[in-house]
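The structure appears right after this line, and notes come after that.
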Amino acid sequence: ENGWFIKSFLLMGFVYGLSLAHHWPNQMVLAPAYLWLFLSSQKRVPMKSFITNLVRLRPFDLWENLSGVLSAFGSLNIVRAFTCLLLSLSIYIYLPIRATQPPLVNWWNPQTLGRLWGTVLREGYKGVGDMRGWTTIDRDLKRFFLHAHHQFGDVFTFVVFALAIWGFVWLWNKKQWTTALGIAFFGGGVFTGIILFNNPLEGYQWTIDNFFSPAFLTCSMFAAAGIAGLCEWVSREWPHRLTPLYASAFCMSFALMPLVLNYKANAQTFNGQIAYEGNDQSRYVSSYDEGMNMLKTVNDNGVILCNGDIDILPLWYLQYVVGKRPKVVSFTMQLIPYDWYRDPLFQKWPFLKVNVDQDIRPETAVQNMIEQHGVCLKGKDESESEYAERIKDKKSFYFSNIFTAPWMRDKNPSLPEGFLWRMINTKDLNYPFTSSRLNVFWDTYRLRYMDEPDRGYWDEYTDVMKDSYGIGHDFTGYFAYMNKMPDIALWSFNNALKYRQVQTLMRIYLMLGETYLALGDPGAAINNYQESLRRDAHNPYAYAKIGDAFRMMGNLNDAEQAYRAGLGMNPQQKEALDGLQEINKAQQ
């Protein structure tokens, strides 16, 4: 169509501005693709001449070439393209307008030019990742090359990569080298930008998976060219009139193969029918259930302290969108250092306001909130009426067990309340800590689809939630065991086995052994100690406790062997030494 390139040029200005308004680093990595389109799609200056002058460092020839390129559009179209760019960037005006409302989470509060500029430059993310360097580059490369081939299975994915390489060669041989280089610039620019720009912390490499999509898109373009090359070769080798039809049918089946493999990998049989539950997003309810269970745990004057996005986002949705339990206070300690989050929080709930002065660390500001509005222990000389008057406005504070900050655990002794932890020295301690109450309480929780996913890459959140429930049972077991309530500990540790991650089961079996010993069941204790040793054979303490169990059963020979096995690993193992002394006393 006549004038198509001018229209493309104007559209490019608009799309470039729109992308800048969305996420400006995107365009840094796409710049090579734009340069290729800019230079290869008009005829006044060949791209080969432009690149030659650029490589040979001929600034005057390069400027002459660039002037020739710009003249191809005309000054009016350049003004139009610049106008399209500004129109797209005008989306940023939404930010200061919205900030004046004021929203509950007023990200970076961009009401002034300086704050708006800080929002655009993503100042709020500074210090989130590691310092960029070879370590972060190595993490990003490994994330791509060690996980890319899992998307649709190793064999099929590598076939696609092989077709992509052949597609590049085929385009090059057909003198379509500018097309081949242009697509390679696009994918290579994106890939290089992702590898160099992203700096995730160890364990957070999954946050960059979506950014690799354009690299896969580029690969698919070359794979399509590779299939075209194969079809051309087949038609030439077998010049039958139906050959192109068969070849195109094969190409279509190959294009649909990802869907087939994805469904096949997740197919499950239910009542004789195939149920594709792995792709049924109606099962993805762990976030909703987590929020409902947190709100169900606390009382009306409760304050839930969260640690980040994983636990606060369900509460934001349920409380401020759906309207569930609006009296319950919830906030994330992670954002307390930022005035744009802290100040609106204090305005909404004035009782939380504390004087932060120069110290805005959560371990200081949040701890002050707890001590000013939660601590309600009765003073020695305080009368009942004075005490009742003083605590009437106090709050009960709970904190989430997801990535709990060490200072929170160290400074605030807590009681397990479901899978949240309630600070012992805050209000409303009238909850009985009994196994029957805990059973009833856990039975009211929504714990849907906590089964092991067939393919976990889309369901990492559920794994975290499942572990949080396991941590709740685990901590309940410790609390009950330390407070001489082995029946509750037994119930708790057995439930923890269902939810906790595999790497923690060794310790839970060890605690089950301790619990059975406390209950006077040495046989069951030995079984659980052995389960623990099966996961970690080098544990002298477990051998010593097996010795205690055998000694409780009167089997002194096996007890002595177990003690000596423990001492063989650690000659100073206290429980084993004490056990041998007890055996000597019994024999004497």
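Simple scheme: letters A, B, ... for chains in structure tokens order, numbers from 1 for residues in each chain, numbers from 1 for ligands in the order shown.
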
Report the closest atom pair, with its distance in Å rounded to one decimal, for each residue of stretch 282-318 of chain A that has an atom no farther than 10 Å from stretch 439-443 of chain A; count only C-alpha atoms, sort by chain and then rising residue number, and write it as a Markdown table.
| residue | atom | partner | partner_atom | distance |
| --- | --- | --- | --- | --- |
| A:Asn293 | CA | A:Trp442 | CA | 9.3 |
| A:Lys296 | CA | A:Phe441 | CA | 9.3 |
| A:Thr297 | CA | A:Phe441 | CA | 8.4 |

For A:Gln319, list every protein, DNA or RNA residue within 10 Å, evaluated using only C-alpha atoms, and leave out those in the same chain fewer than 6 positions away; present the list as a list in words. Gly291, Met292, Leu295, Leu313, Arg325, Pro326, Lys327, Val328, Val329 and Ser330 of chain A

Write to file, as an mmCIF file, in the first residue's frame, the residues of the selection just made, with N, CA, C and O atoms.
data_model
loop_
_atom_site.group_PDB
_atom_site.id
_atom_site.type_symbol
_atom_site.label_atom_id
_atom_site.label_comp_id
_atom_site.auth_asym_id
_atom_site.auth_seq_id
_atom_site.Cartn_x
_atom_site.Cartn_y
_atom_site.Cartn_z
ATOM 1 N N GLY A 291 -6.219 -15.398 52.367
ATOM 2 C CA GLY A 291 -6.765 -14.173 52.946
ATOM 3 C C GLY A 291 -7.965 -14.438 53.837
ATOM 4 O O GLY A 291 -8.083 -13.875 54.940
ATOM 5 N N MET A 292 -8.882 -15.307 53.383
ATOM 6 C CA MET A 292 -10.062 -15.631 54.184
ATOM 7 C C MET A 292 -9.656 -16.303 55.497
ATOM 8 O O MET A 292 -10.223 -16.018 56.557
ATOM 9 N N LEU A 295 -8.258 -13.639 57.938
ATOM 10 C CA LEU A 295 -9.316 -12.811 58.520
ATOM 11 C C LEU A 295 -10.159 -13.618 59.494
ATOM 12 O O LEU A 295 -10.685 -13.076 60.480
ATOM 13 N N LEU A 313 -1.385 -8.915 49.856
ATOM 14 C CA LEU A 313 -2.255 -8.736 48.690
ATOM 15 C C LEU A 313 -3.619 -9.410 48.839
ATOM 16 O O LEU A 313 -4.638 -8.807 48.478
ATOM 17 N N ARG A 325 -14.589 -8.020 56.596
ATOM 18 C CA ARG A 325 -14.028 -7.670 57.906
ATOM 19 C C ARG A 325 -13.225 -6.368 57.881
ATOM 20 O O ARG A 325 -12.011 -6.348 58.129
ATOM 21 N N PRO A 326 -13.868 -5.248 57.597
ATOM 22 C CA PRO A 326 -13.157 -3.968 57.486
ATOM 23 C C PRO A 326 -12.572 -3.470 58.796
ATOM 24 O O PRO A 326 -11.668 -2.630 58.788
ATOM 25 N N LYS A 327 -13.057 -3.971 59.945
ATOM 26 C CA LYS A 327 -12.528 -3.495 61.231
ATOM 27 C C LYS A 327 -11.134 -4.029 61.513
ATOM 28 O O LYS A 327 -10.395 -3.446 62.307
ATOM 29 N N VAL A 328 -10.780 -5.144 60.905
ATOM 30 C CA VAL A 328 -9.454 -5.720 61.122
ATOM 31 C C VAL A 328 -8.412 -4.849 60.423
ATOM 32 O O VAL A 328 -8.583 -4.470 59.266
ATOM 33 N N VAL A 329 -7.351 -4.544 61.129
ATOM 34 C CA VAL A 329 -6.269 -3.714 60.580
ATOM 35 C C VAL A 329 -5.205 -4.633 59.978
ATOM 36 O O VAL A 329 -4.822 -5.629 60.605
ATOM 37 N N SER A 330 -4.758 -4.325 58.781
ATOM 38 C CA SER A 330 -3.681 -5.109 58.162
ATOM 39 C C SER A 330 -2.744 -4.164 57.429
ATOM 40 O O SER A 330 -3.181 -3.209 56.798
#

Residues near A:Glu582, cut-off 12 Å, only C-alpha atoms, skip fewer than 2 positions along chain, as a VMD selection string: chain A and resid 547 to 548 551 to 552 554 556 559 to 560 563 575 to 580 584 to 588

Could the residues in this selection be written to a file with N, CA, C and O atoms, as a PDB file, in the first residue's frame?
ATOM      1  N   GLY A 547      18.396 -44.511  71.815  1.00  0.00           N
ATOM      2  CA  GLY A 547      18.903 -45.204  72.998  1.00  0.00           C
ATOM      3  C   GLY A 547      17.994 -44.991  74.198  1.00  0.00           C
ATOM      4  O   GLY A 547      17.712 -45.940  74.957  1.00  0.00           O
ATOM      5  N   ASP A 548      17.516 -43.751  74.387  1.00  0.00           N
ATOM      6  CA  ASP A 548      16.594 -43.482  75.498  1.00  0.00           C
ATOM      7  C   ASP A 548      15.323 -44.312  75.366  1.00  0.00           C
ATOM      8  O   ASP A 548      14.783 -44.832  76.358  1.00  0.00           O
ATOM      9  N   ARG A 551      16.000 -47.909  76.204  1.00  0.00           N
ATOM     10  CA  ARG A 551      16.189 -48.030  77.659  1.00  0.00           C
ATOM     11  C   ARG A 551      14.845 -47.980  78.383  1.00  0.00           C
ATOM     12  O   ARG A 551      14.618 -48.678  79.370  1.00  0.00           O
ATOM     13  N   MET A 552      13.918 -47.139  77.851  1.00  0.00           N
ATOM     14  CA  MET A 552      12.582 -47.075  78.437  1.00  0.00           C
ATOM     15  C   MET A 552      11.866 -48.418  78.300  1.00  0.00           C
ATOM     16  O   MET A 552      11.054 -48.808  79.148  1.00  0.00           O
ATOM     17  N   GLY A 554      13.411 -51.243  78.402  1.00  0.00           N
ATOM     18  CA  GLY A 554      14.185 -52.239  79.129  1.00  0.00           C
ATOM     19  C   GLY A 554      15.168 -52.985  78.261  1.00  0.00           C
ATOM     20  O   GLY A 554      15.793 -53.960  78.718  1.00  0.00           O
ATOM     21  N   LEU A 556      18.439 -52.891  77.163  1.00  0.00           N
ATOM     22  CA  LEU A 556      19.674 -52.162  77.431  1.00  0.00           C
ATOM     23  C   LEU A 556      20.745 -52.413  76.376  1.00  0.00           C
ATOM     24  O   LEU A 556      21.566 -51.523  76.094  1.00  0.00           O
ATOM     25  N   ALA A 559      19.972 -50.240  73.465  1.00  0.00           N
ATOM     26  CA  ALA A 559      20.149 -48.861  73.922  1.00  0.00           C
ATOM     27  C   ALA A 559      21.633 -48.490  73.900  1.00  0.00           C
ATOM     28  O   ALA A 559      22.020 -47.416  73.425  1.00  0.00           O
ATOM     29  N   GLU A 560      22.473 -49.403  74.397  1.00  0.00           N
ATOM     30  CA  GLU A 560      23.913 -49.118  74.430  1.00  0.00           C
ATOM     31  C   GLU A 560      24.466 -48.966  73.012  1.00  0.00           C
ATOM     32  O   GLU A 560      25.272 -48.067  72.741  1.00  0.00           O
ATOM     33  N   TYR A 563      23.488 -45.535  71.762  1.00  0.00           N
ATOM     34  CA  TYR A 563      24.295 -44.480  72.379  1.00  0.00           C
ATOM     35  C   TYR A 563      25.691 -44.427  71.762  1.00  0.00           C
ATOM     36  O   TYR A 563      26.224 -43.354  71.471  1.00  0.00           O
ATOM     37  N   GLU A 575      23.387 -36.358  75.575  1.00  0.00           N
ATOM     38  CA  GLU A 575      22.336 -37.331  75.835  1.00  0.00           C
ATOM     39  C   GLU A 575      22.864 -38.759  75.789  1.00  0.00           C
ATOM     40  O   GLU A 575      22.438 -39.630  76.576  1.00  0.00           O
ATOM     41  N   ALA A 576      23.814 -39.028  74.865  1.00  0.00           N
ATOM     42  CA  ALA A 576      24.388 -40.375  74.766  1.00  0.00           C
ATOM     43  C   ALA A 576      25.245 -40.688  75.994  1.00  0.00           C
ATOM     44  O   ALA A 576      25.183 -41.806  76.547  1.00  0.00           O
ATOM     45  N   LEU A 577      26.051 -39.720  76.443  1.00  0.00           N
ATOM     46  CA  LEU A 577      26.882 -39.929  77.637  1.00  0.00           C
ATOM     47  C   LEU A 577      26.008 -40.155  78.866  1.00  0.00           C
ATOM     48  O   LEU A 577      26.274 -41.059  79.681  1.00  0.00           O
ATOM     49  N   ASP A 578      24.943 -39.331  78.995  1.00  0.00           N
ATOM     50  CA  ASP A 578      24.036 -39.507  80.137  1.00  0.00           C
ATOM     51  C   ASP A 578      23.359 -40.873  80.084  1.00  0.00           C
ATOM     52  O   ASP A 578      23.172 -41.531  81.118  1.00  0.00           O
ATOM     53  N   GLY A 579      22.985 -41.307  78.880  1.00  0.00           N
ATOM     54  CA  GLY A 579      22.325 -42.599  78.739  1.00  0.00           C
ATOM     55  C   GLY A 579      23.216 -43.753  79.145  1.00  0.00           C
ATOM     56  O   GLY A 579      22.773 -44.704  79.814  1.00  0.00           O
ATOM     57  N   LEU A 580      24.482 -43.708  78.744  1.00  0.00           N
ATOM     58  CA  LEU A 580      25.415 -44.765  79.125  1.00  0.00           C
ATOM     59  C   LEU A 580      25.612 -44.795  80.634  1.00  0.00           C
ATOM     60  O   LEU A 580      25.736 -45.880  81.245  1.00  0.00           O
ATOM     61  N   ASN A 584      24.929 -47.986  83.118  1.00  0.00           N
ATOM     62  CA  ASN A 584      25.905 -48.487  84.093  1.00  0.00           C
ATOM     63  C   ASN A 584      25.291 -48.575  85.484  1.00  0.00           C
ATOM     64  O   ASN A 584      25.508 -49.547  86.222  1.00  0.00           O
ATOM     65  N   LYS A 585      24.513 -47.567  85.845  1.00  0.00           N
ATOM     66  CA  LYS A 585      23.854 -47.586  87.155  1.00  0.00           C
ATOM     67  C   LYS A 585      22.897 -48.767  87.252  1.00  0.00           C
ATOM     68  O   LYS A 585      22.827 -49.461  88.279  1.00  0.00           O
ATOM     69  N   ALA A 586      22.139 -48.972  86.176  1.00  0.00           N
ATOM     70  CA  ALA A 586      21.167 -50.071  86.200  1.00  0.00           C
ATOM     71  C   ALA A 586      21.856 -51.419  86.306  1.00  0.00           C
ATOM     72  O   ALA A 586      21.398 -52.330  87.022  1.00  0.00           O
ATOM     73  N   GLN A 587      22.978 -51.580  85.610  1.00  0.00           N
ATOM     74  CA  GLN A 587      23.690 -52.858  85.641  1.00  0.00           C
ATOM     75  C   GLN A 587      24.342 -53.091  87.001  1.00  0.00           C
ATOM     76  O   GLN A 587      24.435 -54.223  87.482  1.00  0.00           O
ATOM     77  N   GLN A 588      24.815 -51.996  87.654  1.00  0.00           N
ATOM     78  CA  GLN A 588      25.434 -52.140  88.967  1.00  0.00           C
ATOM     79  C   GLN A 588      24.379 -52.470  90.015  1.00  0.00           C
ATOM     80  O   GLN A 588      24.643 -53.152  90.994  1.00  0.00           O
TER      81      GLN A 588
END

Which of these residues is nearest to A:Leu420, using only C-alpha atoms: A:Thr434, A:Thr207, A:Ser400, A:Asn307? A:Ser400

Pick out the residues sitting within 9 Å of stretch 482-497 of chain A, and hand them over as a PyMOL selection string; count only C-alpha atoms, and ignore anything fewer than 5 positions along from it in its own chain. chain A and resi 434-436+438-439+467+469-477+502+504-505+508-509+511-512+515-516+518-519

Write the residues of the selection above to a file with N, CA and C atoms, as a PDB file, in the first residue's frame.
ATOM      1  N   THR A 434      -6.299 -25.582  73.487  1.00  0.00           N
ATOM      2  CA  THR A 434      -6.596 -27.008  73.628  1.00  0.00           C
ATOM      3  C   THR A 434      -6.603 -27.664  72.259  1.00  0.00           C
ATOM      4  N   SER A 435      -6.397 -28.986  72.254  1.00  0.00           N
ATOM      5  CA  SER A 435      -6.383 -29.700  70.987  1.00  0.00           C
ATOM      6  C   SER A 435      -7.766 -29.695  70.346  1.00  0.00           C
ATOM      7  N   SER A 436      -8.820 -29.794  71.153  1.00  0.00           N
ATOM      8  CA  SER A 436     -10.162 -29.796  70.580  1.00  0.00           C
ATOM      9  C   SER A 436     -10.469 -28.468  69.914  1.00  0.00           C
ATOM     10  N   LEU A 438      -8.271 -26.342  68.657  1.00  0.00           N
ATOM     11  CA  LEU A 438      -7.459 -26.228  67.450  1.00  0.00           C
ATOM     12  C   LEU A 438      -8.021 -27.080  66.324  1.00  0.00           C
ATOM     13  N   ASN A 439      -8.499 -28.282  66.657  1.00  0.00           N
ATOM     14  CA  ASN A 439      -9.118 -29.133  65.641  1.00  0.00           C
ATOM     15  C   ASN A 439     -10.304 -28.448  64.994  1.00  0.00           C
ATOM     16  N   ASP A 467       3.088 -24.355  52.533  1.00  0.00           N
ATOM     17  CA  ASP A 467       4.139 -24.386  53.539  1.00  0.00           C
ATOM     18  C   ASP A 467       3.781 -23.516  54.742  1.00  0.00           C
ATOM     19  N   TYR A 469       0.836 -23.091  56.036  1.00  0.00           N
ATOM     20  CA  TYR A 469      -0.019 -23.888  56.907  1.00  0.00           C
ATOM     21  C   TYR A 469       0.817 -24.919  57.671  1.00  0.00           C
ATOM     22  N   GLY A 470       1.799 -25.495  56.990  1.00  0.00           N
ATOM     23  CA  GLY A 470       2.683 -26.439  57.664  1.00  0.00           C
ATOM     24  C   GLY A 470       3.477 -25.790  58.773  1.00  0.00           C
ATOM     25  N   ILE A 471       3.939 -24.552  58.540  1.00  0.00           N
ATOM     26  CA  ILE A 471       4.670 -23.819  59.575  1.00  0.00           C
ATOM     27  C   ILE A 471       3.764 -23.587  60.780  1.00  0.00           C
ATOM     28  N   GLY A 472       2.475 -23.279  60.509  1.00  0.00           N
ATOM     29  CA  GLY A 472       1.538 -23.079  61.605  1.00  0.00           C
ATOM     30  C   GLY A 472       1.412 -24.313  62.479  1.00  0.00           C
ATOM     31  N   HIS A 473       1.242 -25.479  61.852  1.00  0.00           N
ATOM     32  CA  HIS A 473       1.175 -26.733  62.623  1.00  0.00           C
ATOM     33  C   HIS A 473       2.495 -27.003  63.337  1.00  0.00           C
ATOM     34  N   ASP A 474       3.587 -26.745  62.628  1.00  0.00           N
ATOM     35  CA  ASP A 474       4.918 -27.007  63.183  1.00  0.00           C
ATOM     36  C   ASP A 474       5.134 -26.179  64.454  1.00  0.00           C
ATOM     37  N   PHE A 475       4.838 -24.886  64.366  1.00  0.00           N
ATOM     38  CA  PHE A 475       5.053 -24.000  65.519  1.00  0.00           C
ATOM     39  C   PHE A 475       4.113 -24.372  66.662  1.00  0.00           C
ATOM     40  N   THR A 476       2.871 -24.748  66.333  1.00  0.00           N
ATOM     41  CA  THR A 476       1.935 -25.193  67.360  1.00  0.00           C
ATOM     42  C   THR A 476       2.492 -26.400  68.098  1.00  0.00           C
ATOM     43  N   GLY A 477       3.099 -27.313  67.337  1.00  0.00           N
ATOM     44  CA  GLY A 477       3.698 -28.488  67.958  1.00  0.00           C
ATOM     45  C   GLY A 477       4.821 -28.130  68.909  1.00  0.00           C
ATOM     46  N   VAL A 502       9.637 -30.821  51.767  1.00  0.00           N
ATOM     47  CA  VAL A 502      10.333 -32.095  51.969  1.00  0.00           C
ATOM     48  C   VAL A 502      11.583 -31.917  52.820  1.00  0.00           C
ATOM     49  N   THR A 504      12.175 -30.183  55.287  1.00  0.00           N
ATOM     50  CA  THR A 504      11.949 -29.962  56.719  1.00  0.00           C
ATOM     51  C   THR A 504      11.427 -31.211  57.429  1.00  0.00           C
ATOM     52  N   LEU A 505      11.113 -32.265  56.686  1.00  0.00           N
ATOM     53  CA  LEU A 505      10.475 -33.424  57.300  1.00  0.00           C
ATOM     54  C   LEU A 505      11.400 -34.152  58.279  1.00  0.00           C
ATOM     55  N   ILE A 508      10.767 -32.658  61.598  1.00  0.00           N
ATOM     56  CA  ILE A 508       9.424 -32.938  62.127  1.00  0.00           C
ATOM     57  C   ILE A 508       9.349 -34.365  62.642  1.00  0.00           C
ATOM     58  N   TYR A 509       9.923 -35.322  61.922  1.00  0.00           N
ATOM     59  CA  TYR A 509       9.957 -36.693  62.425  1.00  0.00           C
ATOM     60  C   TYR A 509      10.736 -36.777  63.736  1.00  0.00           C
ATOM     61  N   MET A 511      10.869 -34.421  65.994  1.00  0.00           N
ATOM     62  CA  MET A 511       9.986 -33.908  67.035  1.00  0.00           C
ATOM     63  C   MET A 511       8.852 -34.888  67.344  1.00  0.00           C
ATOM     64  N   LEU A 512       8.406 -35.632  66.347  1.00  0.00           N
ATOM     65  CA  LEU A 512       7.414 -36.667  66.621  1.00  0.00           C
ATOM     66  C   LEU A 512       8.000 -37.730  67.545  1.00  0.00           C
ATOM     67  N   THR A 515       7.919 -36.326  70.954  1.00  0.00           N
ATOM     68  CA  THR A 515       6.555 -36.282  71.478  1.00  0.00           C
ATOM     69  C   THR A 515       6.100 -37.659  71.944  1.00  0.00           C
ATOM     70  N   TYR A 516       6.376 -38.690  71.151  1.00  0.00           N
ATOM     71  CA  TYR A 516       5.981 -40.043  71.555  1.00  0.00           C
ATOM     72  C   TYR A 516       6.721 -40.477  72.824  1.00  0.00           C
ATOM     73  N   ALA A 518       7.569 -38.421  75.218  1.00  0.00           N
ATOM     74  CA  ALA A 518       6.867 -37.715  76.290  1.00  0.00           C
ATOM     75  C   ALA A 518       5.534 -38.385  76.614  1.00  0.00           C
ATOM     76  N   LEU A 519       4.914 -39.030  75.614  1.00  0.00           N
ATOM     77  CA  LEU A 519       3.640 -39.720  75.821  1.00  0.00           C
ATOM     78  C   LEU A 519       3.825 -41.146  76.350  1.00  0.00           C
TER      79      LEU A 519
END

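With distances taken over only C-alpha atoms, A:Phe82 is the one residue among A:His22, A:Val155, A:Phe82, A:Pro32 lying closest to A:Phe9.
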
Shell around A:Trp407 at 10 Å using only C-alpha atoms, local window under 4 positions removed, as a PDB file with C-alpha atoms, in the first residue's frame:
ATOM      1  CA  PRO A 362      10.267  -1.704  60.802  1.00  0.00           C
ATOM      2  CA  GLU A 363      12.020  -3.219  63.824  1.00  0.00           C
ATOM      3  CA  THR A 364      11.777   0.199  65.483  1.00  0.00           C
ATOM      4  CA  GLN A 367       7.805  -2.415  67.590  1.00  0.00           C
ATOM      5  CA  LYS A 411      11.202  -9.358  70.679  1.00  0.00           C
ATOM      6  CA  ASN A 412       7.629 -10.681  70.786  1.00  0.00           C
TER       7      ASN A 412
END

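Considering only C-alpha atoms, the residue among A:Tyr34, A:Phe397, A:Phe433, A:Trp24 positioned nearest to A:Arg122 is A:Trp24.
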